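work_34.cif (mmCIF, C-alpha atoms) appears below.
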```
data_protein
loop_
_atom_site.label_atom_id
_atom_site.label_comp_id
_atom_site.auth_asym_id
_atom_site.auth_seq_id
_atom_site.Cartn_x
_atom_site.Cartn_y
_atom_site.Cartn_z
CA MET A 1 121.27 123.98 147.87
CA LYS A 2 123.09 121.86 145.32
CA SER A 3 120.40 119.14 145.41
CA LEU A 4 117.71 121.80 144.89
CA ALA A 5 119.48 122.99 141.74
CA MET A 6 119.78 119.40 140.52
CA ASN A 7 116.04 118.84 141.08
CA GLU A 8 115.25 122.00 139.14
CA GLY A 9 117.47 120.74 136.32
CA ASN A 10 115.65 117.42 136.28
CA GLU A 11 112.30 119.20 136.34
CA THR A 12 113.31 121.40 133.41
CA GLY A 13 114.49 118.35 131.47
CA MET A 14 111.24 116.55 132.25
CA ASN A 15 109.20 119.55 131.11
CA GLN A 16 111.17 119.71 127.87
CA LYS A 17 110.48 116.03 127.17
CA ILE A 18 106.76 116.51 127.78
CA ILE A 19 106.70 119.60 125.56
CA ARG A 20 108.49 117.67 122.80
CA LYS A 21 106.01 114.81 123.09
CA LEU A 22 103.08 117.25 123.05
CA CYS A 23 104.46 118.93 119.92
CA VAL A 24 104.98 115.62 118.11
CA SER A 25 101.50 114.50 119.21
CA ALA A 26 99.95 117.70 117.88
CA MET A 27 101.77 117.26 114.57
CA LEU A 28 100.54 113.66 114.27
CA VAL A 29 96.96 114.73 115.03
CA ALA A 30 97.29 117.50 112.43
CA LEU A 31 98.68 115.05 109.86
CA THR A 32 95.76 112.71 110.45
CA VAL A 33 93.20 115.51 110.20
CA ILE A 34 94.77 117.11 107.12
CA LEU A 35 94.84 113.79 105.29
CA SER A 36 91.35 112.77 106.48
CA PRO A 37 89.74 113.53 103.10
CA PHE A 38 91.78 110.56 101.84
CA TYR A 39 89.68 107.56 102.81
CA ILE A 40 88.47 104.32 101.28
CA PRO A 41 84.72 103.66 101.51
CA ILE A 42 84.16 100.00 102.36
CA GLY A 43 80.66 99.00 103.34
CA ALA A 44 79.26 101.24 106.07
CA SER A 45 82.66 102.52 107.17
CA LYS A 46 85.20 105.01 105.93
CA CYS A 47 88.65 103.46 106.13
CA PHE A 48 91.48 105.85 106.99
CA PRO A 49 94.86 104.15 106.46
CA VAL A 50 96.65 107.34 107.56
CA GLN A 51 95.20 106.90 111.07
CA HIS A 52 96.84 103.49 111.34
CA LEU A 53 100.13 104.82 110.01
CA VAL A 54 100.00 107.46 112.76
CA ASN A 55 99.06 104.81 115.35
CA VAL A 56 102.19 102.81 114.55
CA LEU A 57 104.40 105.90 114.48
CA SER A 58 103.06 107.03 117.86
CA ALA A 59 103.57 103.53 119.27
CA VAL A 60 107.22 103.54 118.22
CA LEU A 61 107.99 107.15 119.07
CA LEU A 62 105.80 108.03 122.04
CA GLY A 63 104.16 105.03 123.68
CA PRO A 64 100.69 103.58 124.17
CA TRP A 65 98.96 106.34 126.14
CA TRP A 66 100.17 109.08 123.85
CA GLY A 67 98.99 106.99 120.89
CA VAL A 68 95.51 106.61 122.39
CA ALA A 69 95.35 110.36 123.04
CA ILE A 70 96.43 111.11 119.46
CA ALA A 71 93.82 108.70 118.05
CA PHE A 72 91.13 110.21 120.28
CA GLY A 73 92.07 113.78 119.38
CA ALA A 74 92.12 113.04 115.65
CA SER A 75 88.77 111.24 115.88
CA VAL A 76 87.15 114.14 117.75
CA ILE A 77 88.40 116.70 115.22
CA ARG A 78 87.49 114.54 112.21
CA ASN A 79 83.97 114.05 113.59
CA ALA A 80 83.60 117.77 114.30
CA MET A 81 84.68 118.55 110.74
CA GLY A 82 82.35 115.95 109.27
CA THR A 83 85.17 113.93 107.70
CA GLY A 84 84.95 111.05 110.15
CA THR A 85 82.33 108.86 111.75
CA LEU A 86 81.76 107.64 115.29
CA LEU A 87 83.32 104.37 114.19
CA ALA A 88 86.68 106.17 114.20
CA PHE A 89 86.87 105.93 117.98
CA PRO A 90 86.94 102.16 118.57
CA GLY A 91 89.11 101.30 115.58
CA SER A 92 91.76 103.94 116.02
CA MET A 93 91.98 103.95 119.80
CA VAL A 94 92.09 100.19 120.29
CA GLY A 95 94.67 99.84 117.53
CA ALA A 96 96.83 102.59 119.06
CA LEU A 97 96.64 100.98 122.49
CA CYS A 98 97.47 97.48 121.27
CA SER A 99 100.39 98.55 119.06
CA GLY A 100 101.69 100.93 121.73
CA LEU A 101 101.64 98.27 124.43
CA MET A 102 103.25 95.73 122.12
CA PHE A 103 106.13 98.04 121.21
CA HIS A 104 106.53 99.17 124.81
CA TYR A 105 107.00 95.62 126.04
CA THR A 106 108.82 94.00 123.10
CA LYS A 107 110.58 96.83 121.22
CA LYS A 108 109.99 94.71 118.08
CA TYR A 109 108.42 96.07 114.93
CA ILE A 110 106.69 93.06 113.35
CA PRO A 111 104.66 92.24 116.50
CA THR A 112 103.81 95.96 116.78
CA TYR A 113 102.49 96.00 113.21
CA LEU A 114 100.48 92.83 113.78
CA SER A 115 99.01 94.13 117.04
CA GLU A 116 97.84 97.28 115.25
CA VAL A 117 96.06 95.13 112.65
CA ILE A 118 94.53 92.78 115.22
CA GLY A 119 93.74 95.50 117.76
CA GLY A 120 92.21 97.99 115.36
CA GLY A 121 90.94 95.56 112.75
CA VAL A 122 89.49 92.72 114.79
CA LEU A 123 88.90 94.17 118.26
CA GLY A 124 88.06 97.65 116.95
CA GLY A 125 85.77 96.13 114.33
CA LEU A 126 83.95 94.10 116.96
CA MET A 127 83.64 97.16 119.21
CA ALA A 128 82.27 99.21 116.29
CA TYR A 129 79.14 97.10 116.05
CA PRO A 130 77.56 98.28 119.33
CA VAL A 131 78.56 101.87 118.52
CA ALA A 132 76.94 101.59 115.09
CA ALA A 133 73.85 99.81 116.41
CA MET A 134 73.20 102.21 119.31
CA LEU A 135 74.34 105.56 118.00
CA LEU A 136 74.01 105.29 114.24
CA GLY A 137 70.96 103.03 114.17
CA ARG A 138 72.63 100.51 111.88
CA GLN A 139 71.43 96.97 112.31
CA SER A 140 73.90 94.81 110.48
CA ALA A 141 75.79 91.60 110.91
CA PHE A 142 78.07 91.47 113.95
CA TYR A 143 81.18 91.03 111.78
CA ALA A 144 80.23 93.67 109.22
CA TYR A 145 82.92 96.01 110.50
CA VAL A 146 85.79 93.55 110.91
CA ILE A 147 86.56 93.19 107.17
CA PRO A 148 86.51 96.94 106.43
CA PHE A 149 88.56 97.71 109.53
CA LEU A 150 91.09 95.01 108.64
CA THR A 151 91.40 96.45 105.13
CA SER A 152 92.08 99.92 106.50
CA GLU A 153 94.51 98.58 109.10
CA ALA A 154 96.47 96.55 106.56
CA GLY A 155 96.90 99.52 104.25
CA GLY A 156 98.01 101.84 107.02
CA VAL A 157 100.36 99.31 108.57
CA ILE A 158 102.03 98.54 105.22
CA ILE A 159 102.64 102.27 104.72
CA ALA A 160 103.93 102.55 108.31
CA ALA A 161 106.27 99.57 107.91
CA CYS A 162 107.78 101.09 104.75
CA PHE A 163 108.12 104.51 106.37
CA ILE A 164 109.66 103.13 109.57
CA GLY A 165 112.00 100.97 107.48
CA VAL A 166 113.33 104.08 105.74
CA LEU A 167 113.66 105.92 109.05
CA LYS A 168 115.58 102.97 110.53
CA ARG A 169 117.98 102.72 107.58
CA THR A 170 118.81 106.41 107.76
CA LYS A 171 119.17 106.29 111.57
CA ALA A 172 116.50 109.01 111.82
CA LEU A 173 114.25 106.76 113.90
CA ASP A 174 116.93 106.24 116.55
CA TYR A 175 117.55 109.99 116.67
CA MET A 176 113.83 110.79 117.05
CA ARG A 177 113.35 108.16 119.75
CA GLN A 178 116.39 109.46 121.62
CA ILE A 179 115.05 113.02 121.60
CA LEU A 180 111.59 111.94 122.77
CA GLN A 181 112.63 109.48 125.46
#
```

structure tokens encoding of this file:
Amino acid sequence: MKSLAMNEGNETGMNQKIIRKLCVSAMLVALTVILSPFYIPIGASKCFPVQHLVNVLSAVLLGPWWGVAIAFGASVIRNAMGTGTLLAFPGSMVGALCSGLMFHYTKKYIPTYLSEVIGGGVLGGLMAYPVAAMLLGRQSAFYAYVIPFLTSEAGGVIIAACFIGVLKRTKALDYMRQILQ
């Protein structure tokens, strides 16, 4: 009987952690969507630095799979609202996965920032070409999306690094990570 009560306690604690992570994820998706009118047009793409800020925050606070889900959810909503393009999917999701995996395995911030830039900027930019060619009918140079994606990534990551730096100095980041883990 005692072990059954302990299992129920663990299950309740686990449910609370998942609910907290879902709530934070929903808030990050909402932040991304609300700030989606703020973008930088570069070439054929709309660059959303807020998405990359959210990718890094989700990597540090929640982990890689939550980050991918947040990027996917924000991209779906932005596309449905007409404030995003189909190019949002490869750039945001690959960046979220790369930065999330990097932070998960290293717990270091600089490599996490760099993996967001490389993952979303280079790999996401390269993956955007087939999406643009097949779905949007754009026939452009293979690397046409790498430079715009890198620009967007760099802006978002710089904002994220400053924001995370403030959170670290005030010990708020440790508190948030403790609540969510």

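As for CA of Ile70 (chain A) and CA of Leu22 (chain A), they are spaced 9.7 Å apart.
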
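Counting all atoms listed in the file, the residue from A:Cys162, A:Leu61, A:Met14, A:Leu123 that sits nearest to Phe89 (chain A) is A:Leu123.
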
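Residue nearest Glu116 (chain A), chosen from A:Cys23, A:Leu62, A:Ala80, A:Leu53 and counting all atoms listed in the file: A:Leu53.
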
- Counting all atoms listed in the file, the option among A:Leu180, A:Asn79, A:Phe48, A:Ile147 closest to Asn15 (chain A): A:Leu180

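Minimum distance to Gln16 (chain A) across A:Ala74, A:Leu150, A:Ile179, A:Ala160 (counting only C-alpha atoms) occurs at A:Ile179.
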
- Residues in the PyMOL selection byres ((chain A and resi 178) around 12), expressed as a ChimeraX atom specification: /A:17,20-21,60-62,171-177,179-181

- Which protein, DNA or RNA residues are at most 12 Å from (101.7, 107.6, 113.9) in the file's coordinates when you count all atoms listed in the file, listed as a VMD selection string? chain A and resid 24 to 32 49 to 64 66 to 71 74 92 to 93 95 to 97 99 to 100 113 116 156 to 157 159 to 161 163 to 164

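Here CA of Gly121 (chain A) is placed at a distance of 13.7 Å from CA of Ile158 (chain A).
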
- One residue among A:Thr85, A:Thr12, A:Ser115, A:Ser36 is nearest to Ala154 (chain A) when using all atoms listed in the file, and that residue is A:Ser115

- Item | Residues within 10 Å of Gly84 (chain A), only C-alpha atoms, excluding chain neighbours under 6 positions, as a ChimeraX atom specification | /A:33,36-37,39,45-48,74-78

Write to file, as a short mmCIF file (atom, residue, chain, number, x, y, z; two decimals), in the coordinates of the input, the residues of the selection just made, with C-alpha atoms.
```
data_model
loop_
_atom_site.label_atom_id
_atom_site.label_comp_id
_atom_site.auth_asym_id
_atom_site.auth_seq_id
_atom_site.Cartn_x
_atom_site.Cartn_y
_atom_site.Cartn_z
CA VAL A 33 93.20 115.51 110.20
CA SER A 36 91.35 112.77 106.48
CA PRO A 37 89.74 113.53 103.10
CA TYR A 39 89.68 107.56 102.81
CA SER A 45 82.66 102.52 107.17
CA LYS A 46 85.20 105.01 105.93
CA CYS A 47 88.65 103.46 106.13
CA PHE A 48 91.48 105.85 106.99
CA ALA A 74 92.12 113.04 115.65
CA SER A 75 88.77 111.24 115.88
CA VAL A 76 87.15 114.14 117.75
CA ILE A 77 88.40 116.70 115.22
CA ARG A 78 87.49 114.54 112.21
#
```
